[in-house]
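Down below is the structure, laid out as structure tokens.
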Amino acid sequence: MTYLTAIIGHIGGTLLLLVRTLKHLPTLPRQFPRFIEQCYLIGYTSLPIVTILSFFIGSVLALQSGYSMENFGAKQFIGTLVGLTMARELGPVMVAILIAGRVGSAITAELASMKVYQEIDALTTMNIPPERMLVLPRLAAILVMMPVLAIIANLCGWYGGALVCQYTHSISVDSEAYFTALKAFMKPKDIIDGLVKAEVFGFVIITVCCYIGLNTRGGPREIGGSVTKAVVTSLILILVLDYFVTKALLFT
Amino acid sequence: MSSTYTASPFLGKTFGVTVTNVTKTFGKATVLKDVSLEVKPGEIFCIMGPSGSGKTVLLKHIAGLEQATTGEVRIGDFDAADPETRNKVHLALVFQAGALFNSLSVYDNLALYPREHRECNEAGIRERVMHALSILSLEKAANKFPSDLSGGMKKRVAIARALVMEPQLLLYDEPTSELDPVMSATLTEIIATLREQTAVTSVVVTHDRDLAFAIADRIAFVMDGRIRGVGRPADFKNPTDPVIANFLNPVIDLKNPRFKQLENSHE
């Protein structure tokens, strides 16, 4: 019962943080430098790892599906499979998992140490709401950067798959046939659905990580604990929400 | 301190503080027990007491960072726990460890408040920041980062940051802790001079006897979450209360050390 009460308390606290943050939305233009800084940290610095991982995810996907589909004589549809899987599922989910681990952990650690070392209290006594200065620019930045990263992940995954298909002897599907199949069954909605998912995941990552960071109590040990809690909670929510958002998007 | 300091015009009004029957519990622990006191406008009021007695928690109630379980704290006519009060009263708190923003330079730490509240243009902010830095002889540290500063300098920067806020109520949490005697004396002089020149109400939490007796108009002793006594420094020169007397003039007894008594009391 106490556990349930705590969960309800955390959900309420997170929603409250969100409401307080959105209340400061009109101040966003004033915070343009902070917004750009966060875009750089969330987007630009994550680019290399997103590129490399999604390239190899696309490659492995092509390799595995090529091996299986050959049995059915359906090798010509590898492009469709890789294209749709990357756009609808693996692109946004992999980017979200990477961002939760890389950016979510950094944000939680920064806010938690600010809380532990009384910088958040200092902001409060200076009548500067932490939600305005610390949460809003991060939330805006992730909502801008997640679709960008998801598109880049899709492209890298597609090209990774194409390269594997072209140069793996046992598959031997040339790039032209691969991309023809990819385009034939891919609708704009498939890509848009993936971007919507990426937005939802980004929103959840920032909200959860900021809430947990700002509510850290104790000392350096608790900062580590908060980071673990924020990343684990984000990952669980990403995968749980993935099911429900996918279901909702498939039937709209 | 720089001799060029002139009283700022910001202090049109300063506020007193009234604490009425405040009790604060954290889980099963009661940290403050029915605490009541009054700080008059313009005075330096020191809150003294041993470690863990609830002094800082009491200061956080005045700053609006904690809410009382029962009772209330008022700054002038305003409820300290109401976030709206911060729009009506310029309140500054100098934290024990400074609580400077590590990612910002000293200059930007000071400029943050006027920038965020859009109180003046960048030229005005610069003038205000450099003025506050000059008061505390910190001009050369403007471009340094908090990690480059000594403990004493961090505290001076924290006071300078408070001054930029043009406070009507100035709170200090252990301003001389972890400082050498000379730096402690310097900070004591700074607190006294600021009050003298700006008439700002100052509440100082400390267990530094020298500081309290040198500058306080009145002192309150907090022991085990309760107010044990309030009075002028002269009233405590020869305290009749044995607990306060023991706190102010502890006798070092190597044959019967205190920590042994504490050990026995836990058994």
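All residue names refer to the structure tokens as shown: chains lettered A, B, ... in order, residues numbered from 1 in each chain, ligands numbered from 1 in order.
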
Cut-off 10 Å: closest chain A/chain B atom pairs per residue, using only C-alpha atoms, as JSON lines:
```
{"residue": "A:Arg30", "atom": "CA", "partner": "B:Glu116", "partner_atom": "CA", "distance": 9.2}
{"residue": "A:Gln31", "atom": "CA", "partner": "B:Glu116", "partner_atom": "CA", "distance": 9.6}
{"residue": "A:Met114", "atom": "CA", "partner": "B:Phe101", "partner_atom": "CA", "distance": 8.0}
{"residue": "A:Lys115", "atom": "CA", "partner": "B:Ala99", "partner_atom": "CA", "distance": 9.7}
{"residue": "A:Val116", "atom": "CA", "partner": "B:Ala99", "partner_atom": "CA", "distance": 9.7}
{"residue": "A:Tyr117", "atom": "CA", "partner": "B:Ala99", "partner_atom": "CA", "distance": 6.2}
{"residue": "A:Gln118", "atom": "CA", "partner": "B:Ala99", "partner_atom": "CA", "distance": 5.4}
{"residue": "A:Glu119", "atom": "CA", "partner": "B:Ala99", "partner_atom": "CA", "distance": 5.0}
{"residue": "A:Ile120", "atom": "CA", "partner": "B:Ala99", "partner_atom": "CA", "distance": 8.6}
{"residue": "A:Asp121", "atom": "CA", "partner": "B:Leu65", "partner_atom": "CA", "distance": 7.0}
{"residue": "A:Ala122", "atom": "CA", "partner": "B:Ala99", "partner_atom": "CA", "distance": 6.5}
{"residue": "A:Leu123", "atom": "CA", "partner": "B:Tyr113", "partner_atom": "CA", "distance": 8.8}
{"residue": "A:Thr124", "atom": "CA", "partner": "B:Leu65", "partner_atom": "CA", "distance": 7.7}
{"residue": "A:Thr125", "atom": "CA", "partner": "B:Ala92", "partner_atom": "CA", "distance": 6.4}
{"residue": "A:Met126", "atom": "CA", "partner": "B:Tyr113", "partner_atom": "CA", "distance": 6.6}
{"residue": "A:Asn127", "atom": "CA", "partner": "B:Arg86", "partner_atom": "CA", "distance": 6.0}
{"residue": "A:Ile128", "atom": "CA", "partner": "B:Glu116", "partner_atom": "CA", "distance": 7.0}
{"residue": "A:Pro129", "atom": "CA", "partner": "B:Glu116", "partner_atom": "CA", "distance": 9.9}
{"residue": "A:Met133", "atom": "CA", "partner": "B:Glu116", "partner_atom": "CA", "distance": 8.9}
```

Using N, CA and C atoms, can you write the selected residues to a file as a short mmCIF file (atom, residue, chain, number, x, y, z; two decimals), in the first residue's frame?
```
data_model
loop_
_atom_site.label_atom_id
_atom_site.label_comp_id
_atom_site.auth_asym_id
_atom_site.auth_seq_id
_atom_site.Cartn_x
_atom_site.Cartn_y
_atom_site.Cartn_z
N ARG A 30 12.80 34.28 -24.47
CA ARG A 30 13.86 34.92 -23.67
C ARG A 30 14.98 33.94 -23.35
N GLN A 31 14.64 32.65 -23.40
CA GLN A 31 15.62 31.62 -23.00
C GLN A 31 16.26 30.98 -24.22
N MET A 114 22.73 19.85 -8.29
CA MET A 114 22.29 21.23 -7.98
C MET A 114 21.37 21.24 -6.76
N LYS A 115 20.55 20.20 -6.66
CA LYS A 115 19.63 20.12 -5.52
C LYS A 115 20.41 19.83 -4.23
N VAL A 116 21.30 18.85 -4.30
CA VAL A 116 22.06 18.45 -3.11
C VAL A 116 22.95 19.60 -2.62
N TYR A 117 23.55 20.32 -3.55
CA TYR A 117 24.45 21.41 -3.16
C TYR A 117 23.72 22.76 -3.07
N GLN A 118 22.41 22.70 -2.91
CA GLN A 118 21.55 23.85 -2.57
C GLN A 118 21.45 24.91 -3.67
N GLU A 119 21.89 24.60 -4.88
CA GLU A 119 21.75 25.59 -5.97
C GLU A 119 20.27 25.79 -6.33
N ILE A 120 19.48 24.72 -6.20
CA ILE A 120 18.05 24.84 -6.49
C ILE A 120 17.39 25.72 -5.42
N ASP A 121 17.79 25.53 -4.16
CA ASP A 121 17.26 26.38 -3.08
C ASP A 121 17.66 27.84 -3.32
N ALA A 122 18.90 28.03 -3.80
CA ALA A 122 19.35 29.40 -4.09
C ALA A 122 18.48 30.03 -5.17
N LEU A 123 18.16 29.26 -6.21
CA LEU A 123 17.28 29.78 -7.27
C LEU A 123 15.92 30.15 -6.70
N THR A 124 15.40 29.27 -5.82
CA THR A 124 14.08 29.53 -5.24
C THR A 124 14.07 30.81 -4.42
N THR A 125 15.11 31.00 -3.60
CA THR A 125 15.13 32.23 -2.79
C THR A 125 15.36 33.46 -3.68
N MET A 126 15.97 33.25 -4.85
CA MET A 126 16.15 34.38 -5.78
C MET A 126 14.89 34.61 -6.62
N ASN A 127 13.83 33.85 -6.31
CA ASN A 127 12.57 33.98 -7.03
C ASN A 127 12.73 33.67 -8.51
N ILE A 128 13.62 32.72 -8.80
CA ILE A 128 13.79 32.25 -10.18
C ILE A 128 13.30 30.80 -10.20
N PRO A 129 12.11 30.54 -10.75
CA PRO A 129 11.58 29.17 -10.70
C PRO A 129 12.50 28.20 -11.44
N MET A 133 13.92 27.95 -15.62
CA MET A 133 15.31 28.07 -16.06
C MET A 133 15.92 26.72 -16.44
#
```

- prompt: Running DSSP on the backbone, which parts of stretch 101-160 of chain B land in alpha helix (DSSP H), as an NGL selection string?
  reply: :B and (106-116 or 122-135 or 151-160)

Write out the residues from the selection above, keeping N, CA and C atoms, as an mmCIF file, in the first residue's frame.
```
data_model
loop_
_atom_site.group_PDB
_atom_site.id
_atom_site.type_symbol
_atom_site.label_atom_id
_atom_site.label_comp_id
_atom_site.auth_asym_id
_atom_site.auth_seq_id
_atom_site.Cartn_x
_atom_site.Cartn_y
_atom_site.Cartn_z
ATOM 1 N N VAL B 106 31.834 33.961 -11.657
ATOM 2 C CA VAL B 106 31.422 34.801 -10.527
ATOM 3 C C VAL B 106 30.535 35.945 -11.029
ATOM 4 N N TYR B 107 30.951 36.560 -12.132
ATOM 5 C CA TYR B 107 30.165 37.679 -12.691
ATOM 6 C C TYR B 107 28.752 37.211 -13.033
ATOM 7 N N ASP B 108 28.662 36.068 -13.731
ATOM 8 C CA ASP B 108 27.347 35.576 -14.156
ATOM 9 C C ASP B 108 26.512 35.106 -12.975
ATOM 10 N N ASN B 109 27.173 34.598 -11.916
ATOM 11 C CA ASN B 109 26.435 34.252 -10.709
ATOM 12 C C ASN B 109 25.711 35.478 -10.154
ATOM 13 N N LEU B 110 26.408 36.598 -10.172
ATOM 14 C CA LEU B 110 25.823 37.832 -9.629
ATOM 15 C C LEU B 110 24.801 38.439 -10.587
ATOM 16 N N ALA B 111 25.063 38.268 -11.888
ATOM 17 C CA ALA B 111 24.187 38.899 -12.890
ATOM 18 C C ALA B 111 22.894 38.120 -13.102
ATOM 19 N N LEU B 112 22.856 36.889 -12.600
ATOM 20 C CA LEU B 112 21.698 36.029 -12.870
ATOM 21 C C LEU B 112 20.383 36.648 -12.397
ATOM 22 N N TYR B 113 20.394 37.162 -11.176
ATOM 23 C CA TYR B 113 19.140 37.697 -10.614
ATOM 24 C C TYR B 113 18.599 38.882 -11.428
ATOM 25 N N PRO B 114 19.387 39.951 -11.644
ATOM 26 C CA PRO B 114 18.828 41.053 -12.435
ATOM 27 C C PRO B 114 18.492 40.667 -13.877
ATOM 28 N N ARG B 115 19.251 39.731 -14.447
ATOM 29 C CA ARG B 115 18.941 39.286 -15.818
ATOM 30 C C ARG B 115 17.597 38.562 -15.853
ATOM 31 N N GLU B 116 17.410 37.645 -14.928
ATOM 32 C CA GLU B 116 16.184 36.840 -14.928
ATOM 33 C C GLU B 116 14.954 37.696 -14.621
ATOM 34 N N GLU B 122 21.881 45.514 -19.862
ATOM 35 C CA GLU B 122 23.160 44.852 -19.567
ATOM 36 C C GLU B 122 24.168 45.832 -18.944
ATOM 37 N N ALA B 123 24.119 47.097 -19.376
ATOM 38 C CA ALA B 123 25.032 48.094 -18.794
ATOM 39 C C ALA B 123 24.693 48.327 -17.320
ATOM 40 N N GLY B 124 23.403 48.386 -17.039
ATOM 41 C CA GLY B 124 22.962 48.568 -15.650
ATOM 42 C C GLY B 124 23.322 47.376 -14.794
ATOM 43 N N ILE B 125 23.178 46.183 -15.388
ATOM 44 C CA ILE B 125 23.519 44.959 -14.653
ATOM 45 C C ILE B 125 25.010 44.957 -14.330
ATOM 46 N N ARG B 126 25.816 45.361 -15.312
ATOM 47 C CA ARG B 126 27.272 45.368 -15.115
ATOM 48 C C ARG B 126 27.641 46.312 -13.960
ATOM 49 N N GLU B 127 27.005 47.477 -13.979
ATOM 50 C CA GLU B 127 27.291 48.476 -12.931
ATOM 51 C C GLU B 127 26.934 47.906 -11.545
ATOM 52 N N ARG B 128 25.764 47.256 -11.510
ATOM 53 C CA ARG B 128 25.277 46.719 -10.238
ATOM 54 C C ARG B 128 26.183 45.580 -9.736
ATOM 55 N N VAL B 129 26.570 44.715 -10.665
ATOM 56 C CA VAL B 129 27.408 43.573 -10.291
ATOM 57 C C VAL B 129 28.783 44.051 -9.829
ATOM 58 N N MET B 130 29.388 44.967 -10.605
ATOM 59 C CA MET B 130 30.729 45.428 -10.248
ATOM 60 C C MET B 130 30.699 46.197 -8.927
ATOM 61 N N HIS B 131 29.593 46.904 -8.681
ATOM 62 C CA HIS B 131 29.439 47.624 -7.415
ATOM 63 C C HIS B 131 29.438 46.633 -6.247
ATOM 64 N N ALA B 132 28.648 45.563 -6.404
ATOM 65 C CA ALA B 132 28.587 44.551 -5.336
ATOM 66 C C ALA B 132 29.939 43.862 -5.148
ATOM 67 N N LEU B 133 30.624 43.586 -6.274
ATOM 68 C CA LEU B 133 31.946 42.961 -6.165
ATOM 69 C C LEU B 133 32.942 43.890 -5.479
ATOM 70 N N SER B 134 32.816 45.188 -5.780
ATOM 71 C CA SER B 134 33.752 46.139 -5.172
ATOM 72 C C SER B 134 33.515 46.255 -3.667
ATOM 73 N N ILE B 135 32.259 46.133 -3.244
ATOM 74 C CA ILE B 135 31.960 46.194 -1.812
ATOM 75 C C ILE B 135 32.750 45.110 -1.068
ATOM 76 N N GLY B 151 37.347 28.855 0.195
ATOM 77 C CA GLY B 151 36.106 28.854 0.974
ATOM 78 C C GLY B 151 35.665 30.253 1.365
ATOM 79 N N GLY B 152 36.619 31.072 1.800
ATOM 80 C CA GLY B 152 36.300 32.440 2.215
ATOM 81 C C GLY B 152 35.800 33.278 1.050
ATOM 82 N N MET B 153 36.450 33.104 -0.111
ATOM 83 C CA MET B 153 36.023 33.874 -1.287
ATOM 84 C C MET B 153 34.629 33.456 -1.735
ATOM 85 N N LYS B 154 34.354 32.152 -1.646
ATOM 86 C CA LYS B 154 33.011 31.675 -2.036
ATOM 87 C C LYS B 154 31.945 32.356 -1.176
ATOM 88 N N LYS B 155 32.248 32.463 0.130
ATOM 89 C CA LYS B 155 31.265 33.087 1.023
ATOM 90 C C LYS B 155 31.097 34.562 0.686
ATOM 91 N N ARG B 156 32.214 35.224 0.350
ATOM 92 C CA ARG B 156 32.120 36.647 -0.014
ATOM 93 C C ARG B 156 31.342 36.813 -1.310
ATOM 94 N N VAL B 157 31.564 35.905 -2.268
ATOM 95 C CA VAL B 157 30.798 35.974 -3.523
ATOM 96 C C VAL B 157 29.311 35.746 -3.230
ATOM 97 N N ALA B 158 29.028 34.801 -2.325
ATOM 98 C CA ALA B 158 27.622 34.533 -1.971
ATOM 99 C C ALA B 158 26.981 35.778 -1.357
ATOM 100 N N ILE B 159 27.742 36.513 -0.546
ATOM 101 C CA ILE B 159 27.206 37.750 0.046
ATOM 102 C C ILE B 159 27.022 38.806 -1.049
ATOM 103 N N ALA B 160 27.996 38.873 -1.965
ATOM 104 C CA ALA B 160 27.881 39.838 -3.072
ATOM 105 C C ALA B 160 26.652 39.521 -3.919
#
```

message: Which residues are close to A:Ile212, i.e. within 9 Å by only C-alpha atoms, leaving aside same-chain residues fewer than 5 positions away? Reply as a PyMOL selection string.
response: chain A and resi 10+14+108+111-112+207+226-227+229-230

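By chain and then residue number, the residues within 10 Å of B:Asn249 are Arg209, Asn238, Pro239, Val243 and Ile244 of chain B, counting only C-alpha atoms and disregarding those fewer than 5 positions away in sequence.
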
Those residues with N, CA and C atoms, as a CSV table (one decimal), in the first residue's frame please?
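out25.csv, freshly written:
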```csv
chain,number,residue,atom,x,y,z
B,209,ARG,N,30.5,32.1,18.6
B,209,ARG,CA,30.2,32.9,19.8
B,209,ARG,C,30.7,34.4,19.6
B,238,ASN,N,27.1,36.4,31.4
B,238,ASN,CA,27.2,35.4,32.5
B,238,ASN,C,25.9,34.7,32.6
B,239,PRO,N,25.6,33.8,31.7
B,239,PRO,CA,24.3,33.2,31.7
B,239,PRO,C,24.0,32.4,32.9
B,243,VAL,N,22.6,25.2,30.7
B,243,VAL,CA,22.7,24.6,29.4
B,243,VAL,C,23.3,25.7,28.4
B,244,ILE,N,22.9,26.9,28.5
B,244,ILE,CA,23.4,28.0,27.7
B,244,ILE,C,24.9,28.3,28.1
```
